[in-house]
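Here the structure comes first, spelled out in structure tokens, and everything after it is commentary.
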Amino acid sequence: MRVVVSQLPAVGVPVRVGADVPWAAHAVAGALEQPAGLAFHFDLRVDAAAGGARVHGDGEVAHDATCDRCGAPVRCTLGGAVDLLYVPDPGSDAESRDASGSAAAGERALSGDQLDVGFLEAGGILELGAALAEQVVLWAPMRILCTDEGVRPSSGAGCAPRPPAPGDAGPAPGRTRPFAGLRLPE
Ligand SMILES: [Zn+2]
């Protein structure tokens, strides 16, 4: 769902979405690499702020996964407050996207304690699906352990402390950065 920031009403726009909303489901599933048993809801408001838009409220996302330590099936629940700020990209009108450099500078200049700053698309467009995906990635742990808060073993039995097996060097290759290959929807 695309929001033209210059057309936001003064009172803002409420955005309440769950897995029954296709654009939201597509965004959240993509951010978590198509997990099984995905359920979520977001209760957000989009307000004009700082020349751009602020997306704030709260949300919760749950999905099935396996513990990265013991392999037990688990139900993983993520969520909490949402507070994302999107501002016009100072370095581009369309093409020049030196994303990492300008993003770092922008965050230093603008960020509050809990505020994450991103850039609007050309033309002052906020892509709400991309915002949901970004929030989910911010919440997602680097690895899922059944002892973590918000992770519940499906079978009731979780990680038992056990001596590390020889060659048990932590998460399998490729699991340490599960979102390294993530590309947000354009
Ligand atoms: Zn475990």
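Each chain of the structure tokens is named A, B, ... in the order shown, its residues numbered from 1; ligands are numbered from 1 in display order.
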Within-7 Å residues of ligand 1, basis only C-alpha atoms and all ligand atoms, as an NGL selection string: :A and (67-72 or 145-147 or 158-159)
Who sits within 6 Å of Thr77 of chain A, only C-alpha atoms, same chain under 6 positions skipped, as JSON, numbers by chain: {"A": [61, 62, 150]}
Long-range neighbours of Trp23 of chain A as an MDAnalysis selection string, 12 Å cut-off, only C-alpha atoms, 5 positions minimum in chain: chainID A and resid 1:2 17:18 28:30 127:133 185
From A:Gly37, A:Gly57, A:Gly123, A:Gly12, residue lying nearest Pro88 of chain A [only C-alpha atoms]: A:Gly123
